[in-house]
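This is start_1.csv. It holds CSV, C-alpha atoms and all ligand atoms.
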```csv
chain,number,residue,atom,x,y,z
A,1,MET,CA,1.4,12.4,-22.5
A,2,ASN,CA,0.0,13.1,-19.0
A,3,GLU,CA,2.4,16.1,-18.5
A,4,ARG,CA,2.2,17.6,-15.0
A,5,ILE,CA,-0.2,14.9,-13.8
A,6,VAL,CA,0.5,13.4,-10.4
A,7,PRO,CA,-1.1,10.1,-9.7
A,8,ARG,CA,-3.7,10.5,-7.0
A,9,HIS,CA,-3.1,7.1,-5.5
A,10,VAL,CA,0.3,5.4,-5.5
A,11,ALA,CA,0.7,1.9,-4.1
A,12,CYS,CA,4.1,0.2,-3.4
A,13,VAL,CA,4.9,-3.5,-3.1
A,14,MET,CA,8.0,-3.1,-0.9
A,15,ASP,CA,9.9,-6.1,-2.1
A,16,GLY,CA,13.5,-7.2,-2.0
A,17,ASN,CA,14.5,-6.9,1.7
A,18,GLY,CA,15.7,-10.5,1.9
A,19,ARG,CA,17.8,-10.3,-1.3
A,20,TRP,CA,19.3,-7.0,-0.1
A,21,ALA,CA,20.5,-8.7,3.1
A,22,ALA,CA,21.7,-11.8,1.3
A,23,LEU,CA,23.9,-9.7,-1.0
A,24,ARG,CA,25.6,-8.4,2.2
A,25,SER,CA,25.8,-11.9,3.8
A,26,LEU,CA,23.4,-10.6,6.5
A,27,PRO,CA,20.3,-12.3,8.0
A,28,ARG,CA,17.0,-11.5,6.2
A,29,THR,CA,16.0,-9.4,9.2
A,30,ALA,CA,18.7,-6.9,8.5
A,31,GLY,CA,17.0,-6.2,5.2
A,32,HIS,CA,13.7,-5.6,6.9
A,33,ARG,CA,15.4,-3.2,9.3
A,34,ALA,CA,17.1,-1.3,6.4
A,35,ALA,CA,13.6,-1.0,4.8
A,36,GLU,CA,12.5,1.6,7.3
A,37,ALA,CA,14.7,4.4,5.8
A,38,ALA,CA,13.1,3.7,2.4
A,39,VAL,CA,9.6,3.9,3.8
A,40,ILE,CA,10.3,7.3,5.4
A,41,ASP,CA,11.9,8.6,2.2
A,42,VAL,CA,9.0,7.5,0.1
A,43,ILE,CA,6.3,9.0,2.4
A,44,GLU,CA,8.2,12.3,2.3
A,45,ALA,CA,8.6,12.2,-1.5
A,46,ALA,CA,4.9,11.3,-2.0
A,47,HIS,CA,3.8,14.1,0.4
A,48,ALA,CA,6.1,16.6,-1.4
A,49,ALA,CA,4.9,15.6,-4.9
A,50,GLY,CA,1.2,16.1,-3.9
A,51,VAL,CA,0.2,12.4,-4.0
A,52,GLU,CA,-3.1,12.3,-2.0
A,53,TRP,CA,-3.2,8.5,-1.3
A,54,LEU,CA,-0.1,6.4,-0.6
A,55,SER,CA,-0.5,2.7,0.1
A,56,LEU,CA,2.4,0.5,1.2
A,57,TYR,CA,2.3,-3.3,1.3
A,58,ALA,CA,4.1,-4.3,4.5
A,59,PHE,CA,2.8,-7.8,5.2
A,60,SER,CA,0.6,-10.2,3.3
A,61,THR,CA,-1.8,-12.9,4.5
A,62,GLU,CA,0.6,-15.3,2.8
A,63,ASN,CA,3.6,-13.9,4.7
A,64,TRP,CA,2.4,-15.8,7.8
A,65,ARG,CA,4.1,-18.8,6.1
A,66,ARG,CA,7.5,-17.4,6.8
A,67,PRO,CA,9.7,-18.7,9.7
A,68,PRO,CA,8.2,-17.7,13.0
A,69,ALA,CA,11.3,-15.7,14.0
A,70,GLU,CA,11.1,-13.6,10.9
A,71,VAL,CA,7.4,-13.0,11.4
A,72,ALA,CA,8.0,-12.0,15.1
A,73,PHE,CA,10.8,-9.7,14.0
A,74,LEU,CA,8.5,-7.9,11.5
A,75,MET,CA,5.8,-7.5,14.2
A,76,ARG,CA,8.4,-5.9,16.5
A,77,LEU,CA,9.8,-3.7,13.7
A,78,VAL,CA,6.4,-2.3,12.8
A,79,ARG,CA,5.6,-1.6,16.4
A,80,ARG,CA,8.9,0.3,16.9
A,81,ALA,CA,8.4,2.2,13.6
A,82,ILE,CA,4.9,3.3,14.7
A,83,ARG,CA,6.1,4.5,18.1
A,84,LYS,CA,9.1,6.3,16.5
A,85,HIS,CA,7.3,8.1,13.7
A,86,ALA,CA,3.7,8.6,14.9
A,87,LEU,CA,4.1,12.3,16.0
A,88,SER,CA,6.0,13.4,12.9
A,89,LEU,CA,3.5,11.7,10.6
A,90,HIS,CA,0.7,13.5,12.5
A,91,ALA,CA,2.6,16.9,12.3
A,92,ARG,CA,2.8,16.5,8.5
A,93,GLY,CA,-0.9,16.2,8.3
A,94,ILE,CA,-0.8,12.5,7.2
A,95,ARG,CA,-3.8,10.4,8.0
A,96,CYS,CA,-2.5,6.8,8.8
A,97,ARG,CA,-4.7,3.8,8.2
A,98,PHE,CA,-4.1,0.1,8.1
A,99,LEU,CA,-5.7,-2.4,5.8
A,100,GLY,CA,-6.0,-5.9,7.0
A,101,VAL,CA,-4.9,-6.4,10.7
A,102,THR,CA,-7.4,-9.1,11.5
A,103,ASP,CA,-5.3,-12.2,12.3
A,104,PRO,CA,-5.3,-13.1,16.0
A,105,ARG,CA,-1.6,-13.8,15.7
A,106,ILE,CA,-0.9,-10.1,15.6
A,107,PRO,CA,0.5,-9.2,19.1
A,108,PRO,CA,-2.2,-7.2,21.0
A,109,PRO,CA,0.3,-4.4,21.9
A,110,LEU,CA,0.9,-3.9,18.2
A,111,ALA,CA,-2.8,-4.0,17.4
A,112,ARG,CA,-3.3,-1.3,20.1
A,113,ASP,CA,-0.5,0.9,18.7
A,114,ILE,CA,-2.1,0.6,15.2
A,115,ALA,CA,-5.5,1.6,16.6
A,116,ASP,CA,-3.9,4.6,18.5
A,117,LEU,CA,-2.1,5.8,15.4
A,118,MET,CA,-5.3,5.6,13.3
A,119,MET,CA,-7.2,7.5,16.0
A,120,LEU,CA,-4.5,10.2,16.4
A,121,THR,CA,-4.3,11.0,12.7
A,122,ARG,CA,-7.9,10.4,11.7
A,123,ASP,CA,-8.7,14.0,10.9
A,124,ASN,CA,-5.6,14.7,8.9
A,125,ARG,CA,-6.2,15.4,5.2
A,126,ARG,CA,-2.9,16.3,3.6
A,127,MET,CA,-2.3,12.7,2.5
A,128,THR,CA,-3.7,9.3,3.5
A,129,LEU,CA,-1.1,6.6,4.1
A,130,THR,CA,-2.6,3.1,4.1
A,131,VAL,CA,-0.3,0.4,5.4
A,132,ALA,CA,-1.5,-3.0,4.1
A,133,PHE,CA,-0.5,-5.2,7.0
A,134,ASP,CA,-1.8,-8.8,7.3
A,135,HIS,CA,-3.5,-7.8,4.0
A,136,GLY,CA,-5.0,-10.1,1.3
A,137,GLY,CA,-6.9,-8.7,-1.7
A,138,ARG,CA,-9.0,-11.9,-2.0
A,139,ARG,CA,-9.8,-11.8,1.7
A,140,ASP,CA,-11.1,-8.2,1.3
A,141,ILE,CA,-13.3,-9.3,-1.6
A,142,VAL,CA,-14.7,-12.3,0.3
A,143,GLU,CA,-15.4,-10.0,3.3
A,144,ALA,CA,-17.3,-7.6,1.0
A,145,ALA,CA,-19.4,-10.4,-0.2
A,146,ARG,CA,-20.2,-11.5,3.4
A,147,SER,CA,-21.1,-8.0,4.3
A,148,LEU,CA,-23.5,-7.7,1.4
A,149,VAL,CA,-25.2,-11.0,2.5
A,150,ARG,CA,-25.3,-9.9,6.1
A,151,ASP,CA,-27.0,-6.7,5.0
A,152,ARG,CA,-29.5,-8.7,2.9
A,153,VAL,CA,-28.7,-6.7,-0.2
A,154,PRO,CA,-30.9,-8.1,-3.1
A,155,ALA,CA,-28.7,-9.7,-5.8
A,156,GLU,CA,-30.1,-7.3,-8.5
A,157,GLU,CA,-29.0,-4.3,-6.5
A,158,ILE,CA,-25.4,-5.4,-6.4
A,159,THR,CA,-23.4,-3.3,-8.8
A,160,GLU,CA,-19.7,-2.5,-8.9
A,161,GLU,CA,-20.4,0.6,-6.9
A,162,THR,CA,-22.4,-1.1,-4.1
A,163,PHE,CA,-19.9,-3.9,-4.0
A,164,ALA,CA,-17.1,-1.3,-3.5
A,165,ARG,CA,-18.9,0.3,-0.7
A,166,HIS,CA,-18.7,-3.0,1.3
A,167,LEU,CA,-14.9,-3.2,0.9
A,168,PRO,CA,-12.8,-2.0,3.8
A,169,HIS,CA,-12.0,1.7,3.6
A,170,SER,CA,-14.6,2.2,1.0
A,171,ASP,CA,-13.6,5.8,0.5
A,172,MET,CA,-10.2,4.7,-0.9
A,173,PRO,CA,-9.9,5.6,-4.6
A,174,GLU,CA,-8.7,3.2,-7.3
A,175,VAL,CA,-4.9,2.9,-7.5
A,176,ASP,CA,-3.3,4.9,-10.4
A,177,LEU,CA,0.2,3.6,-10.1
A,178,VAL,CA,1.7,0.5,-8.5
A,179,ILE,CA,5.5,0.4,-7.9
A,180,ARG,CA,6.9,-3.1,-7.2
A,181,THR,CA,10.6,-3.0,-6.4
A,182,SER,CA,13.2,-5.8,-6.8
A,183,GLY,CA,12.2,-6.7,-10.4
A,184,GLU,CA,9.5,-9.2,-9.4
A,185,GLN,CA,6.5,-8.8,-11.6
A,186,ARG,CA,3.4,-10.1,-9.9
A,187,ILE,CA,0.4,-8.9,-7.9
A,188,SER,CA,0.9,-11.2,-4.8
A,189,ASN,CA,-2.7,-10.7,-3.7
A,190,PHE,CA,-2.4,-6.9,-3.3
A,191,MET,CA,-5.5,-4.7,-3.3
A,192,LEU,CA,-7.0,-6.7,-6.1
A,193,TRP,CA,-10.1,-4.6,-6.5
A,194,HIS,CA,-8.3,-1.3,-6.5
A,195,VAL,CA,-5.5,-2.1,-9.0
A,196,ALA,CA,-7.9,-3.2,-11.8
A,197,TYR,CA,-6.8,-0.3,-14.0
A,198,ALA,CA,-3.5,0.8,-12.4
A,199,GLU,CA,-0.3,1.4,-14.3
A,200,TRP,CA,2.5,-0.8,-13.1
A,201,VAL,CA,6.3,-0.1,-12.9
A,202,PHE,CA,8.9,-2.6,-11.8
A,203,PRO,CA,12.1,-0.9,-10.8
A,204,LEU,CA,15.0,-3.3,-10.3
A,205,VAL,CA,16.2,-1.6,-7.2
A,206,LEU,CA,15.7,-3.6,-4.0
A,207,TRP,CA,13.3,-1.9,-1.5
A,208,PRO,CA,16.0,-1.0,1.2
A,209,ASP,CA,17.8,1.0,-1.5
A,210,PHE,CA,14.7,2.7,-2.8
A,211,ARG,CA,14.8,6.5,-2.2
A,212,ALA,CA,12.9,9.7,-3.1
A,213,GLY,CA,14.8,10.0,-6.5
A,214,HIS,CA,13.6,6.5,-7.5
A,215,PHE,CA,10.1,7.4,-6.5
A,216,ARG,CA,10.2,10.5,-8.7
A,217,GLU,CA,11.5,8.4,-11.6
A,218,CYS,CA,8.4,6.2,-11.2
A,219,LEU,CA,6.2,9.3,-11.3
A,220,ASP,CA,7.9,10.4,-14.5
A,221,LEU,CA,7.3,7.0,-16.1
A,222,TYR,CA,3.6,7.3,-15.1
A,223,ARG,CA,3.4,10.7,-16.7
A,224,ARG,CA,4.6,9.2,-20.0
A,225,ARG,CA,1.9,6.4,-19.9
A,226,GLU,CA,-1.3,6.8,-22.0
A,227,ARG,CA,-4.2,5.6,-19.9
A,228,ARG,CA,-7.1,4.5,-22.1
A,229,PHE,CA,-9.5,2.7,-19.8
A,230,GLY,CA,-10.6,0.6,-22.7
A,231,ASP,CA,-11.3,3.6,-24.9
A,232,VAL,CA,-9.5,4.5,-28.1
A,233,ARG,CA,-8.5,8.1,-27.2
A,234,VAL,CA,-6.6,9.7,-24.4
A,235,PRO,CA,-9.0,10.7,-21.6
A,236,THR,CA,-8.7,14.4,-20.7
A,237,THR,CA,-8.9,13.8,-16.9
A,238,THR,CA,-6.9,10.9,-15.5
A,239,GLY,CA,-5.8,12.5,-12.2
A,240,ASP,CA,-5.2,15.8,-10.6
A,241,ALA,CA,-3.4,18.4,-12.8
A,242,SER,CA,-1.0,20.4,-10.7
B,301,LIG,C1,9.6,-7.7,1.3
B,301,LIG,O1,10.9,-8.2,1.2
B,301,LIG,C2,9.1,-7.5,2.7
B,301,LIG,C3,8.1,-8.4,3.1
B,301,LIG,C4,7.4,-9.3,2.4
B,301,LIG,C5,7.7,-8.4,4.5
B,301,LIG,P1,11.1,-9.8,1.1
B,301,LIG,O2,11.3,-10.3,2.5
B,301,LIG,O3,10.0,-10.4,0.4
B,301,LIG,O4,12.4,-9.9,0.3
B,301,LIG,P2,12.8,-10.9,-0.8
B,301,LIG,O5,11.8,-11.0,-1.8
B,301,LIG,O6,13.0,-12.2,-0.1
B,301,LIG,O7,14.1,-10.4,-1.3
B,302,LIG,C1,4.6,-9.3,-1.3
B,302,LIG,O1,5.9,-9.7,-1.3
B,302,LIG,C2,4.2,-8.8,0.1
B,302,LIG,C3,4.9,-7.7,0.6
B,302,LIG,C4,5.8,-6.9,-0.1
B,302,LIG,C5,4.6,-7.3,1.9
B,302,LIG,P1,6.4,-11.2,-1.2
B,302,LIG,O2,7.8,-11.2,-1.3
B,302,LIG,O3,5.8,-11.8,0.1
B,302,LIG,O4,5.7,-11.9,-2.4
B,302,LIG,P2,6.0,-13.2,-3.2
B,302,LIG,O5,6.0,-14.3,-2.2
B,302,LIG,O6,7.3,-13.1,-3.9
B,302,LIG,O7,4.9,-13.3,-4.2
B,303,MG,MG,9.7,-10.9,-1.6
```

Once you've parsed the file, please lay out its structure as structure tokens.
Amino acid sequence: MNERIVPRHVACVMDGNGRWAALRSLPRTAGHRAAEAAVIDVIEAAHAAGVEWLSLYAFSTENWRRPPAEVAFLMRLVRRAIRKHALSLHARGIRCRFLGVTDPRIPPPLARDIADLMMLTRDNRRMTLTVAFDHGGRRDIVEAARSLVRDRVPAEEITEETFARHLPHSDMPEVDLVIRTSGEQRISNFMLWHVAYAEWVFPLVLWPDFRAGHFRECLDLYRRRERRFGDVRVPTTTGDAS
């Protein structure tokens, strides 16, 4: 057992907002609004637990298929959340980054607020919060391939390490634990390269109800997993002992 081991990089697929709202006969947007409290609680819980990297899946490249009114609502919600929480994230020493954010449909004022938040918090080192927004794991892999070609890297020099250096945020470590709420059990194009050897947990709770206690339960489940990385024995170092 990985007693006392905190995963270095935890990633959450924040799923179940629409079902949360439907259970209350509310519009789907009410579920998205209610998700904000869960996000804040999880950031706090990860920070307190000593997680160094926290990644949150907020909007996928596929989510553009949703009704325009829902997409517009999500854009407004993210902008409001950034403006509301930027200073307290900064005060906590959290470096905020976004992964994706390339689609021209992203409203320019939101793109500016995202850039400002990244700039404001860029030197913070207590924890790195990566918000996957307009993110697609396959798109990132294709972009890395394009970048290698643009740099004229010879084929025989392309290794997993050089490839990873051409991915966005190339300093981001592999994901140790993925939490997908709402009981759905799929990847949905999330950080494909980085989750290659992640442990996965699928709590049934819907994201708007997810709180620090649920997050800590997921860390407990992780601690009980035996990570083998293809080997036959338990590796001695699978994360930061604390
Ligand atoms: C996750 O909740 C939030 C986003 C994808 C933006 P959903 O909106 O997918 O909620 P369900 O899956 O319909 O319940
Ligand atoms: C994945 O959830 C994307 C986010 C949580 C932002 P979805 O609800 O969009 O995924 P699918 O459609 O069920 O695979
Ligand atoms: Mg969903």

* Structure fact -> The residue from A:Gly100, A:Gly213, A:Pro168, A:Gly183 with the smallest atom-to-atom distance to ligand LIG 301 (chain B), counting all atoms listed in the file, is A:Gly183

* atom CA of A:Leu89 to atom CA of A:Ile43, distance in Å rounded to a single decimal ->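 Distance between the two atoms: 9.1 Å.
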
* Using all atoms listed in the file, determine which residues lie at most 12 Å from stretch 203-208 of chain A, disregarding the query and same-chain residues fewer than 6 positions distant; provide the list as number ranges by chain. => A: 12-23, 28-42, 56-58, 178-185, 214-219, 221

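If you measure from each of A:Asn189, A:Thr128, A:Ser55, A:Ser88 to ligand LIG 302 (chain B) using all atoms listed in the file, the closest one turns out to be A:Asn189.
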
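Straight-line separation from atom CA of A:Glu44 to atom CA of A:Ser60: 23.8 Å.
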
* **Atomic distance atom CA of A:Ile114 - atom CA of A:Cys96, expressed in Å with one decimal** =>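 Atom-to-atom, atom CA of A:Ile114 to atom CA of A:Cys96, that is 8.9 Å.
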
* **Given only C-alpha atoms and all ligand atoms as the counted atoms, nearest of A:Asn124, A:Glu62, A:Val175, A:Val10 to ligand MG 303 (chain B)** => A:Glu62
